[in-house]
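This is work.tsv. It holds TSV, C-alpha atoms.
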```tsv
chain	number	residue	atom	x	y	z
A	1	MET	CA	-39.20	121.05	104.29
A	2	PRO	CA	-38.41	118.92	107.36
A	3	TYR	CA	-35.84	116.15	107.07
A	4	THR	CA	-36.71	112.61	108.09
A	5	LEU	CA	-34.79	110.94	110.90
A	6	PRO	CA	-33.10	108.44	108.49
A	7	GLU	CA	-31.93	111.38	106.34
A	8	ILE	CA	-30.50	113.17	109.36
A	9	THR	CA	-28.78	110.01	110.57
A	10	ALA	CA	-27.25	109.36	107.16
A	11	GLU	CA	-25.98	112.93	106.79
A	12	TRP	CA	-24.22	113.23	110.14
A	13	ASP	CA	-23.15	109.61	110.56
A	14	THR	CA	-22.80	109.75	114.33
A	15	ARG	CA	-21.39	106.61	115.92
A	16	ILE	CA	-23.98	106.42	118.67
A	17	ASP	CA	-27.17	105.88	116.67
A	18	PRO	CA	-29.26	102.87	117.76
A	19	ALA	CA	-30.66	100.42	115.23
A	20	GLY	CA	-33.97	101.50	113.74
A	21	TYR	CA	-36.00	98.90	115.63
A	22	ALA	CA	-35.12	100.63	118.91
A	23	PHE	CA	-37.58	103.43	118.15
A	24	ALA	CA	-40.43	100.92	118.35
A	25	ILE	CA	-40.29	101.58	122.09
A	26	TRP	CA	-42.43	104.65	121.39
A	27	GLY	CA	-45.30	102.24	120.78
A	28	LEU	CA	-44.97	100.97	124.35
A	29	ILE	CA	-44.50	104.49	125.75
A	30	TYR	CA	-47.57	105.92	124.05
A	31	SER	CA	-49.64	102.85	124.97
A	32	LEU	CA	-48.80	103.33	128.65
A	33	LEU	CA	-49.32	107.10	128.53
A	34	GLY	CA	-52.56	106.61	126.58
A	35	THR	CA	-53.79	104.33	129.37
A	36	PHE	CA	-52.98	107.10	131.83
A	37	VAL	CA	-54.88	109.68	129.76
A	38	VAL	CA	-58.02	107.52	129.65
A	39	TYR	CA	-57.72	106.55	133.31
A	40	GLN	CA	-57.40	110.10	134.63
A	41	ALA	CA	-60.42	111.18	132.57
A	42	LEU	CA	-62.76	108.59	134.11
A	43	PRO	CA	-65.46	109.79	136.53
A	44	SER	CA	-64.34	109.56	140.15
A	45	ASP	CA	-67.09	107.14	141.10
A	46	TRP	CA	-65.79	104.69	138.49
A	47	VAL	CA	-62.35	104.59	140.11
A	48	PRO	CA	-62.86	105.29	143.83
A	49	ASP	CA	-59.31	104.17	144.73
A	50	ARG	CA	-57.68	106.52	142.20
A	51	ASN	CA	-54.95	108.75	143.62
A	52	ASP	CA	-56.50	112.06	142.60
A	53	THR	CA	-53.95	114.05	144.60
A	54	LEU	CA	-51.10	112.55	142.60
A	55	ILE	CA	-52.84	112.92	139.24
A	56	PHE	CA	-54.56	116.28	139.51
A	57	GLU	CA	-52.42	118.14	142.04
A	58	ASP	CA	-48.89	116.74	142.00
A	59	ILE	CA	-48.72	116.10	138.25
A	60	GLY	CA	-51.58	118.28	137.04
A	61	TYR	CA	-50.68	120.34	133.96
A	62	HIS	CA	-47.12	119.00	133.88
A	63	PHE	CA	-48.29	116.13	131.69
A	64	PHE	CA	-50.02	118.43	129.19
A	65	ALA	CA	-46.95	120.69	129.05
A	66	ASN	CA	-44.73	117.64	128.54
A	67	MET	CA	-46.76	116.49	125.54
A	68	MET	CA	-46.48	119.96	123.99
A	69	ILE	CA	-42.71	119.99	124.54
A	70	ASN	CA	-42.51	116.51	123.03
A	71	SER	CA	-44.22	117.60	119.81
A	72	ILE	CA	-42.07	120.74	119.52
A	73	TRP	CA	-38.86	118.70	119.78
A	74	LEU	CA	-39.50	116.75	116.60
A	75	VAL	CA	-40.18	119.92	114.63
A	76	LEU	CA	-36.96	121.54	115.84
A	77	PHE	CA	-34.78	118.46	115.38
A	78	GLN	CA	-36.04	117.82	111.86
A	79	THR	CA	-34.83	121.21	110.65
A	80	ASN	CA	-31.42	119.49	110.51
A	81	THR	CA	-29.57	122.73	111.27
A	82	VAL	CA	-27.16	123.85	113.98
A	83	TRP	CA	-29.74	126.16	115.51
A	84	GLY	CA	-32.37	123.41	115.27
A	85	PHE	CA	-30.15	120.97	117.16
A	86	VAL	CA	-29.35	123.59	119.81
A	87	LEU	CA	-33.01	124.49	120.36
A	88	SER	CA	-34.08	120.86	120.25
A	89	LEU	CA	-31.50	120.09	122.94
A	90	LEU	CA	-32.94	122.80	125.19
A	91	ASP	CA	-36.40	121.45	124.44
A	92	ILE	CA	-35.54	117.83	125.20
A	93	ILE	CA	-33.81	118.81	128.45
A	94	ALA	CA	-37.09	120.44	129.49
A	95	MET	CA	-38.92	117.29	128.39
A	96	LEU	CA	-36.60	115.04	130.38
A	97	THR	CA	-36.87	117.25	133.47
A	98	SER	CA	-40.64	117.03	133.25
A	99	ASN	CA	-40.51	113.26	132.71
A	100	ILE	CA	-38.32	112.71	135.76
A	101	PHE	CA	-40.52	115.01	137.86
A	102	MET	CA	-43.60	112.93	137.03
A	103	MET	CA	-41.72	109.65	137.44
A	104	ASP	CA	-40.44	110.66	140.86
A	105	LYS	CA	-43.89	111.78	141.97
A	106	SER	CA	-45.31	108.39	141.04
A	107	THR	CA	-42.60	106.46	142.92
A	108	ASN	CA	-42.99	108.51	146.09
A	109	THR	CA	-46.67	107.91	146.77
A	110	SER	CA	-49.08	104.99	146.87
A	111	VAL	CA	-50.65	103.88	143.60
A	112	ASN	CA	-53.06	101.16	142.56
A	113	THR	CA	-52.35	98.58	139.88
A	114	THR	CA	-53.52	100.73	136.97
A	115	GLU	CA	-51.48	103.67	138.23
A	116	TRP	CA	-48.46	101.44	138.74
A	117	ILE	CA	-48.60	100.31	135.13
A	118	SER	CA	-49.58	103.57	133.42
A	119	MET	CA	-47.72	106.05	135.66
A	120	ARG	CA	-44.81	104.34	137.36
A	121	GLY	CA	-44.32	102.10	134.36
A	122	GLY	CA	-45.14	104.70	131.73
A	123	PHE	CA	-43.12	107.56	133.17
A	124	SER	CA	-40.16	105.31	133.98
A	125	VAL	CA	-39.94	103.90	130.44
A	126	TYR	CA	-40.54	107.35	128.98
A	127	SER	CA	-37.81	108.92	131.14
A	128	GLY	CA	-35.38	106.12	130.40
A	129	TRP	CA	-35.78	106.51	126.65
A	130	VAL	CA	-35.67	110.32	126.66
A	131	THR	CA	-32.44	110.18	128.69
A	132	ALA	CA	-30.85	108.32	125.79
A	133	ALA	CA	-32.45	110.68	123.26
A	134	THR	CA	-30.99	113.66	125.12
A	135	ILE	CA	-27.49	112.19	124.90
A	136	LEU	CA	-28.06	111.49	121.20
A	137	ASN	CA	-29.23	115.07	120.66
A	138	VAL	CA	-25.99	116.34	122.18
A	139	THR	CA	-23.93	114.31	119.72
A	140	TYR	CA	-25.84	115.71	116.72
A	141	MET	CA	-25.46	119.25	118.00
A	142	LEU	CA	-21.72	118.87	118.53
A	143	LYS	CA	-21.16	117.25	115.16
A	144	SER	CA	-23.18	119.92	113.35
A	145	MET	CA	-20.92	122.48	115.03
A	146	GLY	CA	-17.86	120.84	113.49
A	147	VAL	CA	-16.74	118.69	116.40
A	148	ALA	CA	-15.55	115.74	114.31
A	149	ASP	CA	-12.39	113.73	113.78
A	150	PRO	CA	-10.36	116.35	111.90
A	151	ASP	CA	-10.96	118.97	114.59
A	152	ILE	CA	-9.87	116.97	117.65
A	153	PRO	CA	-6.14	116.28	117.97
A	154	TYR	CA	-5.11	112.87	119.33
A	155	VAL	CA	-8.74	111.84	119.88
A	156	ASP	CA	-11.10	110.40	117.31
A	157	GLU	CA	-14.87	110.20	117.22
A	158	GLU	CA	-14.90	106.51	118.04
A	159	GLN	CA	-13.07	107.11	121.31
A	160	ILE	CA	-15.42	109.96	122.20
A	161	THR	CA	-18.40	107.71	121.53
A	162	VAL	CA	-17.03	105.06	123.86
A	163	ALA	CA	-16.51	107.67	126.58
A	164	VAL	CA	-20.09	108.90	126.14
A	165	LEU	CA	-21.44	105.35	126.49
A	166	TRP	CA	-19.57	104.80	129.75
A	167	VAL	CA	-20.81	108.14	131.10
A	168	ALA	CA	-24.35	107.10	130.14
A	169	LEU	CA	-23.86	103.86	132.08
A	170	GLY	CA	-22.96	105.91	135.15
A	171	ILE	CA	-25.97	108.21	134.73
A	172	TYR	CA	-28.46	105.37	134.42
A	173	ASN	CA	-27.06	103.48	137.38
A	174	LEU	CA	-26.82	106.53	139.62
A	175	LYS	CA	-30.43	107.52	138.98
A	176	SER	CA	-31.72	103.95	139.24
A	177	TYR	CA	-30.06	103.23	142.57
A	178	TRP	CA	-30.75	106.67	144.02
A	179	ASP	CA	-34.47	106.42	143.19
A	180	ARG	CA	-34.67	102.65	143.76
A	181	ASN	CA	-36.18	102.40	140.29
A	182	PRO	CA	-34.56	99.72	138.11
A	183	LEU	CA	-37.28	100.05	135.44
A	184	TYR	CA	-35.84	103.43	134.46
A	185	GLY	CA	-32.33	101.99	134.27
A	186	SER	CA	-33.37	98.85	132.43
A	187	ILE	CA	-34.26	100.92	129.37
A	188	PHE	CA	-30.54	101.48	128.85
A	189	ILE	CA	-30.15	97.75	128.14
A	190	TRP	CA	-32.51	98.19	125.18
A	191	VAL	CA	-30.60	101.29	124.08
A	192	ILE	CA	-27.06	99.94	124.38
A	193	LEU	CA	-27.91	96.68	122.59
A	194	ALA	CA	-29.55	98.65	119.77
A	195	ILE	CA	-26.43	100.81	119.45
A	196	ARG	CA	-24.24	97.72	119.41
A	197	ASN	CA	-26.39	96.00	116.79
A	198	ASN	CA	-26.30	99.05	114.55
A	199	ILE	CA	-22.49	99.14	114.76
A	200	VAL	CA	-22.10	95.41	114.14
A	201	ASN	CA	-24.51	95.36	111.19
A	202	ASN	CA	-23.76	98.69	109.52
A	203	LYS	CA	-20.45	100.05	110.82
A	204	ALA	CA	-18.45	96.93	111.58
A	205	GLU	CA	-15.13	98.78	111.34
A	206	TYR	CA	-15.84	100.48	114.67
A	207	THR	CA	-14.93	97.49	116.79
A	208	LEU	CA	-13.92	99.65	119.76
A	209	ILE	CA	-17.52	100.82	120.07
A	210	SER	CA	-19.10	97.39	119.63
A	211	ASP	CA	-16.69	95.77	122.11
A	212	ASN	CA	-17.32	98.44	124.73
A	213	ALA	CA	-21.07	98.35	124.09
A	214	THR	CA	-21.01	94.60	124.73
A	215	ALA	CA	-19.13	95.10	128.00
A	216	ILE	CA	-21.49	97.89	129.07
A	217	ALA	CA	-24.55	95.77	128.27
A	218	ILE	CA	-23.23	92.91	130.42
A	219	ILE	CA	-22.25	95.16	133.33
A	220	HIS	CA	-25.51	97.08	133.23
A	221	GLY	CA	-27.58	93.92	132.86
A	222	ILE	CA	-25.97	92.43	135.97
A	223	SER	CA	-26.46	95.71	137.82
A	224	MET	CA	-30.16	95.97	136.99
A	225	VAL	CA	-30.85	92.30	137.76
A	226	GLY	CA	-29.16	92.87	141.10
A	227	LEU	CA	-31.24	95.97	141.85
A	228	TRP	CA	-34.51	94.31	140.81
A	229	SER	CA	-33.67	91.29	143.01
A	230	TRP	CA	-32.66	93.42	145.98
A	231	LEU	CA	-35.85	95.51	145.90
A	232	ALA	CA	-38.06	92.48	145.29
A	233	ALA	CA	-36.48	90.71	148.27
A	234	GLU	CA	-37.06	93.77	150.47
A	235	LYS	CA	-40.72	93.78	149.53
A	236	TYR	CA	-41.16	90.01	149.86
A	237	TYR	CA	-39.58	89.89	153.33
A	238	ASP	CA	-41.19	93.21	154.34
A	239	VAL	CA	-37.86	94.71	155.35
A	240	ALA	CA	-38.13	97.81	157.54
A	241	LEU	CA	-36.33	100.70	155.84
A	242	PRO	CA	-34.99	103.99	157.22
A	243	ASP	CA	-36.96	107.16	156.55
A	244	GLY	CA	-36.41	108.36	153.00
A	245	TRP	CA	-35.55	104.90	151.68
A	246	ASP	CA	-39.09	103.53	151.46
A	247	THR	CA	-39.68	104.86	147.95
A	248	GLY	CA	-39.14	103.52	144.47
A	249	ILE	CA	-40.67	101.12	142.00
A	250	PHE	CA	-42.28	98.92	144.70
A	251	TYR	CA	-43.23	101.71	147.10
A	252	GLU	CA	-46.56	101.58	148.89
A	253	GLU	CA	-47.73	103.25	152.07
```
Take the structure from the file and write it as structure tokens.
Amino acid sequence: MPYTLPEITAEWDTRIDPAGYAFAIWGLIYSLLGTFVVYQALPSDWVPDRNDTLIFEDIGYHFFANMMINSIWLVLFQTNTVWGFVLSLLDIIAMLTSNIFMMDKSTNTSVNTTEWISMRGGFSVYSGWVTAATILNVTYMLKSMGVADPDIPYVDEEQITVAVLWVALGIYNLKSYWDRNPLYGSIFIWVILAIRNNIVNNKAEYTLISDNATAIAIIHGISMVGLWSWLAAEKYYDVALPDGWDTGIFYEE
């Protein structure tokens, strides 16, 4: 019988779990992806400006495969076993790779407004959340393998959690700036605040985590506001960019 996510969280008591409300982001993700599904199924003469090359050639069956991988992950993770966490990690890495592939395709070609919302927006939010879920999956796998406080000399789980959060900050910023896509990176603000709130409300003794999460949220918030402002200013003033730089969240041919 599969375990529920709250049961798994309670059993392993990892320090990096976000507050329960954070998972409501799936409502936004599936709304955006659902819009994409309906849009791509419309007859061509209904949407003459649709980027059929992007949808049916560049992305094609990747989206269908991604949805299958997504559904398999939950089944594997909910076994609540070492092998389930290992296989679910491999599965979610494949999911994230597919997400990023589709996100990058959408930010490297022209799209109309509907495509911007459902594809650039949808795949960016989706990729941003699954990046966090992948990191979370790693922590469950390691803890199920016995990597916990008693097994690590001179280092405790709280310190490891803090290190993981700072590494995550680096990952989100590197990808956001490299791809000129602050929407992807902005999802980490939602994630880190949810982690902080869960610590403050339910695990208040872990002040090292909550203090570092607060610092990370401030740093990342400033970083993403800066990137959004920079890219918006480029677009507003129609700044000429070198070859290879004219991509990203505001890209248009």
Original post:
Quick one, how far is atom CA of Ala41 of chain A from atom CA of Phe56 of chain A?
Top reply: 10.4 Å
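Here the question is which of A:Ser88, A:Gln40, A:Ser144, A:Asn51 gets nearest to Trp73 of chain A using only C-alpha atoms, and that residue is A:Ser88.
With all atoms listed in the file as the basis for measurement, A:Glu252 is the residue among A:Val125, A:Glu252, A:Trp178, A:Gly221 that approaches Lys235 of chain A most closely.
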**OP:** Select, from A:Glu11, A:Asp91, A:Glu115, A:Asp156, the residue with the minimum atom-to-atom distance to Arg50 of chain A, counting all atoms listed in the file.
**Re:** A:Glu115
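Our summary of the geometry notes that atom CA of Ile93 of chain A is positioned 9.8 Å from atom CA of Ile135 of chain A.
Closest approach to Tyr172 of chain A among A:Gly226, A:Pro6, A:Gly27, A:Gly128: A:Gly128, based on all atoms listed in the file.
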Original post:
Rounded to one decimal in Å, what is the spacing between atom CA of Leu28 of chain A and atom CA of Gly122 of chain A?
Top reply: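 Result for atom CA of Leu28 of chain A versus atom CA of Gly122 of chain A: 8.3 Å, one decimal.
Across A:Trp190, A:Trp166, A:Tyr154, A:Tyr3, the tightest approach to Thr79 of chain A is made by A:Tyr3 when counting all atoms listed in the file.
For the set A:Phe85, A:Trp116, A:Phe123, A:Phe36, the residue with the smallest atom-to-atom gap to Ile100 of chain A is A:Phe123, counting all atoms listed in the file.
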**OP:** Take the point (-51.8, 102.0, 134.4) in the file's coordinates, draw a sphere of radius 10 Å around it, and report as a list in words every protein, DNA or RNA residue with an atom inside or on it, counting all atoms listed in the file.
**Re:**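 So the residues meeting the distance criterion are Ser31, Leu32, Leu33, Gly34, Thr35, Phe36, Val37, Val38, Tyr39, Gln40, Val111, Asn112, Thr113, Thr114, Glu115, Trp116, Ile117, Ser118, Met119, Arg120, Gly121 and Gly122 of chain A.
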**OP:** Excluding Ser124 of chain A and any residue of its chain fewer than 4 positions from it, enumerate the residues within 12 Å of it, using all atoms listed in the file, and give them as a ChimeraX atom specification.
**Re:** /A:28-29,32-33,96,98-107,116-120,128-131,172,175-176,179-188,248-249
Subject >> Long-range neighbours of Ile69 of chain A as a list in words, 9 Å cut-off, all atoms listed in the file, 2 positions minimum in chain >> reply: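 The filter keeps Phe64, Ala65, Asn66, Met67, Ser71, Ile72, Trp73, Asp91, Ile92, Ala94 and Met95 of chain A.
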